[in-house]
>>> print(open('query-v7.pdb').read())   # PDB, C-alpha atoms, pLDDT in the B column
MODEL        1
ATOM      1  CA  MET V   1    -149.664   3.416 -28.627  1.00 53.00           C
ATOM      2  CA  LYS V   2    -150.160   0.683 -26.024  1.00 54.00           C
ATOM      3  CA  SER V   3    -149.367  -2.853 -26.953  1.00 53.00           C
ATOM      4  CA  LYS V   4    -151.827  -5.598 -26.150  1.00 53.00           C
ATOM      5  CA  PRO V   5    -150.735  -7.964 -23.400  1.00 51.00           C
ATOM      6  CA  HIS V   6    -149.462 -11.254 -24.689  1.00 48.00           C
ATOM      7  CA  LYS V   7    -151.861 -14.106 -23.985  1.00 47.00           C
ATOM      8  CA  ARG V   8    -150.220 -17.310 -22.909  1.00 46.00           C
ATOM      9  CA  SER V   9    -151.627 -20.467 -24.285  1.00 44.00           C
ATOM     10  CA  ALA V  10    -153.025 -22.804 -21.673  1.00 45.00           C
ATOM     11  CA  ALA V  11    -150.638 -25.600 -20.860  1.00 44.00           C
ATOM     12  CA  ARG V  12    -151.909 -28.980 -21.862  1.00 41.00           C
ATOM     13  CA  LYS V  13    -152.853 -31.199 -19.003  1.00 42.00           C
ATOM     14  CA  THR V  14    -151.174 -34.532 -19.119  1.00 43.00           C
ATOM     15  CA  SER V  15    -152.117 -37.525 -17.104  1.00 43.00           C
ATOM     16  CA  VAL V  16    -150.609 -40.908 -16.608  1.00 45.00           C
ATOM     17  CA  ARG V  17    -152.940 -43.773 -17.345  1.00 43.00           C
ATOM     18  CA  GLU V  18    -152.324 -47.425 -16.887  1.00 47.00           C
ATOM     19  CA  PRO V  19    -152.004 -49.551 -20.007  1.00 47.00           C
ATOM     20  CA  GLY V  20    -155.287 -51.008 -21.144  1.00 49.00           C
ATOM     21  CA  VAL V  21    -157.435 -48.249 -19.615  1.00 46.00           C
ATOM     22  CA  ASP V  22    -159.591 -46.408 -22.136  1.00 48.00           C
ATOM     23  CA  LYS V  23    -158.117 -42.925 -22.590  1.00 49.00           C
ATOM     24  CA  HIS V  24    -161.613 -41.472 -22.996  1.00 50.00           C
ATOM     25  CA  LEU V  25    -162.699 -42.449 -19.474  1.00 48.00           C
ATOM     26  CA  SER V  26    -162.588 -39.726 -16.874  1.00 53.00           C
ATOM     27  CA  GLY V  27    -163.597 -39.009 -13.306  1.00 54.00           C
ATOM     28  CA  GLU V  28    -165.993 -41.470 -11.774  1.00 60.00           C
ATOM     29  CA  ARG V  29    -166.032 -43.725 -14.854  1.00 59.00           C
ATOM     30  CA  LEU V  30    -162.246 -44.058 -14.673  1.00 55.00           C
ATOM     31  CA  ALA V  31    -162.425 -44.947 -10.979  1.00 61.00           C
ATOM     32  CA  ASP V  32    -165.093 -47.534 -11.730  1.00 68.00           C
ATOM     33  CA  SER V  33    -162.798 -49.144 -14.301  1.00 66.00           C
ATOM     34  CA  TYR V  34    -160.427 -50.031 -11.421  1.00 67.00           C
ATOM     35  CA  ARG V  35    -163.175 -51.357  -9.131  1.00 73.00           C
ATOM     36  CA  VAL V  36    -163.280 -55.092  -8.624  1.00 69.00           C
ATOM     37  CA  ASP V  37    -165.203 -57.429  -6.345  1.00 65.00           C
ATOM     38  CA  GLY V  38    -164.364 -57.042  -2.650  1.00 65.00           C
ATOM     39  CA  SER V  39    -163.030 -60.583  -2.509  1.00 67.00           C
ATOM     40  CA  ALA V  40    -160.138 -59.381  -4.679  1.00 67.00           C
ATOM     41  CA  ALA V  41    -158.678 -57.920  -1.489  1.00 69.00           C
ATOM     42  CA  GLY V  42    -158.286 -61.509  -0.256  1.00 68.00           C
ATOM     43  CA  GLY V  43    -155.195 -62.084  -2.383  1.00 69.00           C
ATOM     44  CA  MET V  44    -153.168 -59.238  -0.911  1.00 68.00           C
ATOM     45  CA  LEU V  45    -154.579 -59.741   2.590  1.00 70.00           C
ATOM     46  CA  GLY V  46    -153.644 -63.427   2.335  1.00 72.00           C
ATOM     47  CA  GLU V  47    -150.023 -62.366   1.941  1.00 71.00           C
ATOM     48  CA  LEU V  48    -150.196 -60.695   5.370  1.00 68.00           C
ATOM     49  CA  PHE V  49    -152.503 -62.951   7.367  1.00 74.00           C
ATOM     50  CA  ALA V  50    -152.774 -66.721   7.660  1.00 74.00           C
ATOM     51  CA  ILE V  51    -156.592 -66.564   7.644  1.00 80.00           C
ATOM     52  CA  ASP V  52    -159.048 -65.484   4.956  1.00 83.00           C
ATOM     53  CA  LEU V  53    -160.124 -61.966   5.933  1.00 85.00           C
ATOM     54  CA  THR V  54    -162.826 -61.596   3.283  1.00 88.00           C
ATOM     55  CA  GLY V  55    -165.301 -63.067   5.793  1.00 91.00           C
ATOM     56  CA  ALA V  56    -164.176 -60.745   8.596  1.00 93.00           C
ATOM     57  CA  ARG V  57    -166.424 -57.793   9.491  1.00 96.00           C
ATOM     58  CA  ALA V  58    -164.967 -54.296   9.235  1.00 97.00           C
ATOM     59  CA  LYS V  59    -166.705 -51.387  10.975  1.00 98.00           C
ATOM     60  CA  CYS V  60    -166.430 -48.140   8.992  1.00 98.00           C
ATOM     61  CA  ALA V  61    -164.968 -45.239  10.970  1.00 98.00           C
ATOM     62  CA  GLY V  62    -166.933 -42.807   8.799  1.00 97.00           C
ATOM     63  CA  CYS V  63    -170.526 -44.023   9.132  1.00 98.00           C
ATOM     64  CA  GLY V  64    -170.369 -46.909  11.605  1.00 97.00           C
ATOM     65  CA  ALA V  65    -171.690 -49.511   9.160  1.00 98.00           C
ATOM     66  CA  SER V  66    -170.333 -53.020   9.606  1.00 97.00           C
ATOM     67  CA  GLU V  67    -169.715 -55.104   6.481  1.00 96.00           C
ATOM     68  CA  MET V  68    -167.724 -58.173   5.541  1.00 95.00           C
ATOM     69  CA  VAL V  69    -164.378 -57.244   4.001  1.00 93.00           C
ATOM     70  CA  GLY V  70    -165.486 -59.139   0.887  1.00 92.00           C
ATOM     71  CA  ALA V  71    -168.448 -56.741   0.521  1.00 95.00           C
ATOM     72  CA  LEU V  72    -166.301 -53.588   0.526  1.00 95.00           C
ATOM     73  CA  LEU V  73    -165.846 -51.715  -2.763  1.00 94.00           C
ATOM     74  CA  VAL V  74    -162.275 -52.461  -3.784  1.00 93.00           C
ATOM     75  CA  TYR V  75    -160.384 -50.373  -6.313  1.00 93.00           C
ATOM     76  CA  ALA V  76    -157.262 -52.259  -7.388  1.00 89.00           C
ATOM     77  CA  HIS V  77    -154.316 -51.171  -9.499  1.00 84.00           C
ATOM     78  CA  GLY V  78    -150.693 -52.119 -10.009  1.00 82.00           C
ATOM     79  CA  MET V  79    -149.369 -50.950  -6.638  1.00 84.00           C
ATOM     80  CA  GLY V  80    -152.216 -52.100  -4.448  1.00 91.00           C
ATOM     81  CA  MET V  81    -155.819 -51.441  -3.569  1.00 93.00           C
ATOM     82  CA  VAL V  82    -158.241 -49.167  -1.745  1.00 95.00           C
ATOM     83  CA  ALA V  83    -161.314 -50.669  -0.026  1.00 95.00           C
ATOM     84  CA  ARG V  84    -164.253 -48.299   0.456  1.00 96.00           C
ATOM     85  CA  CYS V  85    -167.425 -48.545   2.511  1.00 97.00           C
ATOM     86  CA  PRO V  86    -170.438 -49.392   0.299  1.00 96.00           C
ATOM     87  CA  HIS V  87    -172.632 -47.146   2.496  1.00 97.00           C
ATOM     88  CA  CYS V  88    -170.699 -43.854   2.713  1.00 97.00           C
ATOM     89  CA  ASP V  89    -167.832 -44.403   0.219  1.00 96.00           C
ATOM     90  CA  GLY V  90    -165.292 -43.705   2.988  1.00 97.00           C
ATOM     91  CA  VAL V  91    -161.896 -45.383   2.761  1.00 97.00           C
ATOM     92  CA  VAL V  92    -161.847 -48.364   5.145  1.00 97.00           C
ATOM     93  CA  MET V  93    -158.414 -49.737   4.280  1.00 96.00           C
ATOM     94  CA  ARG V  94    -155.533 -49.291   1.877  1.00 96.00           C
ATOM     95  CA  MET V  95    -152.863 -51.774   0.887  1.00 93.00           C
ATOM     96  CA  SER V  96    -149.830 -51.212  -1.258  1.00 93.00           C
ATOM     97  CA  ARG V  97    -146.905 -53.336  -2.289  1.00 88.00           C
ATOM     98  CA  THR V  98    -143.316 -52.245  -2.789  1.00 89.00           C
ATOM     99  CA  PRO V  99    -140.416 -54.513  -3.711  1.00 91.00           C
ATOM    100  CA  THR V 100    -139.572 -54.945  -0.027  1.00 93.00           C
ATOM    101  CA  HIS V 101    -142.815 -54.403   1.940  1.00 90.00           C
ATOM    102  CA  ILE V 102    -146.570 -54.753   1.978  1.00 88.00           C
ATOM    103  CA  TRP V 103    -148.237 -51.775   3.650  1.00 92.00           C
ATOM    104  CA  LEU V 104    -151.671 -51.979   5.310  1.00 92.00           C
ATOM    105  CA  ASP V 105    -153.505 -48.859   6.480  1.00 96.00           C
ATOM    106  CA  ALA V 106    -156.779 -49.775   8.221  1.00 95.00           C
ATOM    107  CA  ARG V 107    -157.410 -46.506  10.066  1.00 96.00           C
ATOM    108  CA  GLY V 108    -160.752 -46.216   8.246  1.00 97.00           C
ATOM    109  CA  ALA V 109    -161.993 -49.237  10.201  1.00 97.00           C
ATOM    110  CA  THR V 110    -162.728 -48.788  13.884  1.00 97.00           C
ATOM    111  CA  SER V 111    -162.585 -52.578  14.210  1.00 96.00           C
ATOM    112  CA  ILE V 112    -162.112 -55.740  12.165  1.00 93.00           C
ATOM    113  CA  ALA V 113    -163.772 -58.807  13.705  1.00 93.00           C
ATOM    114  CA  VAL V 114    -162.575 -62.252  12.662  1.00 89.00           C
ATOM    115  CA  ALA V 115    -164.562 -65.369  13.614  1.00 87.00           C
ATOM    116  CA  ALA V 116    -162.608 -67.648  15.928  1.00 81.00           C
ATOM    117  CA  ALA V 117    -161.686 -71.123  14.642  1.00 76.00           C
ATOM    118  CA  ARG V 118    -163.816 -73.907  16.099  1.00 76.00           C
TER     119      ARG V 118
ENDMDL
END
>>> encode(input="query-v7.pdb", output="structure tokens")
Amino acid sequence: MKSKPHKRSAARKTSVREPGVDKHLSGERLADSYRVDGSAAGGMLGELFAIDLTGARAKCAGCGASEMVGALLVYAHGMGMVARCPHCDGVVMRMSRTPTHIWLDARGATSIAVAAAR
């Protein structure tokens, strides 16, 4: 007599969620819960640059669209933020903060144009 193969129970998926985020949100709705106005990037960018970059124009490396940094779709969380192009959803820039550094990755922007002071 052959014994039936033992079926393993599926392991439960666990995920880490930030405090205050509805545990019933998932996927795109969860991402949207982190999205804030593009001018929210101004706070972290202000720690790096002496000028307000929310009025600067960033050209998306993905689709070529040029938008003010303040018009980018910013997803912020405890460690930093991701700014996405409102046209193609490509990542234009990332910023993160550690206890000793602030990291800026702007490889998703082919250029960032800042108006000269008059």
>>> axis_aligned_box(input="query-v7.pdb", around="region 86-89 of chain V", padding_each_side="5 Å", output="JSON")
{"center_x": -170.2, "center_y": -46.6, "center_z": 1.5, "size_x": 14.8, "size_y": 15.5, "size_z": 12.5}
>>> atom_distance(input="query-v7.pdb", atom1="CA of Met81 (chain V)", atom2="CA of Ile102 (chain V)")
11.3 Å
>>> residues_around(input="query-v7.pdb", residues="Ala106 (chain V)", least_positions_apart="3", cutoff="8 Å", atoms="only C-alpha atoms", output="mmCIF file with C-alpha atoms, keeping the file's coordinate frame")
data_model
loop_
_atom_site.group_PDB
_atom_site.id
_atom_site.type_symbol
_atom_site.label_atom_id
_atom_site.label_comp_id
_atom_site.auth_asym_id
_atom_site.auth_seq_id
_atom_site.Cartn_x
_atom_site.Cartn_y
_atom_site.Cartn_z
ATOM 1 C CA VAL V 92 -161.847 -48.364 5.145
ATOM 2 C CA MET V 93 -158.414 -49.737 4.280
ATOM 3 C CA ARG V 94 -155.533 -49.291 1.877
ATOM 4 C CA ALA V 109 -161.993 -49.237 10.201
#
>>> residues_near_point(input="query-v7.pdb", point="(-166.8, -44.5, 11.3)", cutoff="9 Å", atoms="all atoms listed in the file", output="ChimeraX atom specification")
/V:59-65,90,92,108-110
>>> resolve_selection(input="query-v7.pdb", expression="the PyMOL selection byres ((chain V and resi 82) around 9)", output="ChimeraX atom specification")
/V:41,73-77,80-81,83-84,91-96
>>> write_last_selection(input="query-v7.pdb", atoms="C-alpha atoms", output="PDB file, keeping the file's coordinate frame")
ATOM      1  CA  ALA V  41    -158.678 -57.920  -1.489  1.00 69.00           C
ATOM      2  CA  LEU V  73    -165.846 -51.715  -2.763  1.00 94.00           C
ATOM      3  CA  VAL V  74    -162.275 -52.461  -3.784  1.00 93.00           C
ATOM      4  CA  TYR V  75    -160.384 -50.373  -6.313  1.00 93.00           C
ATOM      5  CA  ALA V  76    -157.262 -52.259  -7.388  1.00 89.00           C
ATOM      6  CA  HIS V  77    -154.316 -51.171  -9.499  1.00 84.00           C
ATOM      7  CA  GLY V  80    -152.216 -52.100  -4.448  1.00 91.00           C
ATOM      8  CA  MET V  81    -155.819 -51.441  -3.569  1.00 93.00           C
ATOM      9  CA  ALA V  83    -161.314 -50.669  -0.026  1.00 95.00           C
ATOM     10  CA  ARG V  84    -164.253 -48.299   0.456  1.00 96.00           C
ATOM     11  CA  VAL V  91    -161.896 -45.383   2.761  1.00 97.00           C
ATOM     12  CA  VAL V  92    -161.847 -48.364   5.145  1.00 97.00           C
ATOM     13  CA  MET V  93    -158.414 -49.737   4.280  1.00 96.00           C
ATOM     14  CA  ARG V  94    -155.533 -49.291   1.877  1.00 96.00           C
ATOM     15  CA  MET V  95    -152.863 -51.774   0.887  1.00 93.00           C
ATOM     16  CA  SER V  96    -149.830 -51.212  -1.258  1.00 93.00           C
TER      17      SER V  96
END
>>> atom_distance(input="query-v7.pdb", atom1="CA of Pro99 (chain V)", atom2="CA of Ala56 (chain V)")
27.5 Å
>>> atom_distance(input="query-v7.pdb", atom1="CA of Gly55 (chain V)", atom2="CA of Ala115 (chain V)")
8.2 Å
>>> residues_around(input="query-v7.pdb", residues="Val69 (chain V)", least_positions_apart="4", cutoff="7 Å", atoms="only C-alpha atoms", output="PyMOL selection string")
chain V and resi 38+53-58
>>> resolve_selection(input="query-v7.pdb", expression="the PyMOL selection byres ((chain V and resi 86) around 8)", output="PDB file with C-alpha atoms, in the coordinates of the input")
ATOM      1  CA  ALA V  71    -168.448 -56.741   0.521  1.00 95.00           C
ATOM      2  CA  LEU V  72    -166.301 -53.588   0.526  1.00 95.00           C
ATOM      3  CA  LEU V  73    -165.846 -51.715  -2.763  1.00 94.00           C
ATOM      4  CA  ARG V  84    -164.253 -48.299   0.456  1.00 96.00           C
ATOM      5  CA  CYS V  85    -167.425 -48.545   2.511  1.00 97.00           C
ATOM      6  CA  HIS V  87    -172.632 -47.146   2.496  1.00 97.00           C
ATOM      7  CA  CYS V  88    -170.699 -43.854   2.713  1.00 97.00           C
ATOM      8  CA  ASP V  89    -167.832 -44.403   0.219  1.00 96.00           C
TER       9      ASP V  89
END
>>> closest_residue(input="query-v7.pdb", among="V:Val114, V:Gly78, V:Ser66, V:Thr98", to="Phe49 (chain V)", atoms="only C-alpha atoms")
V:Val114
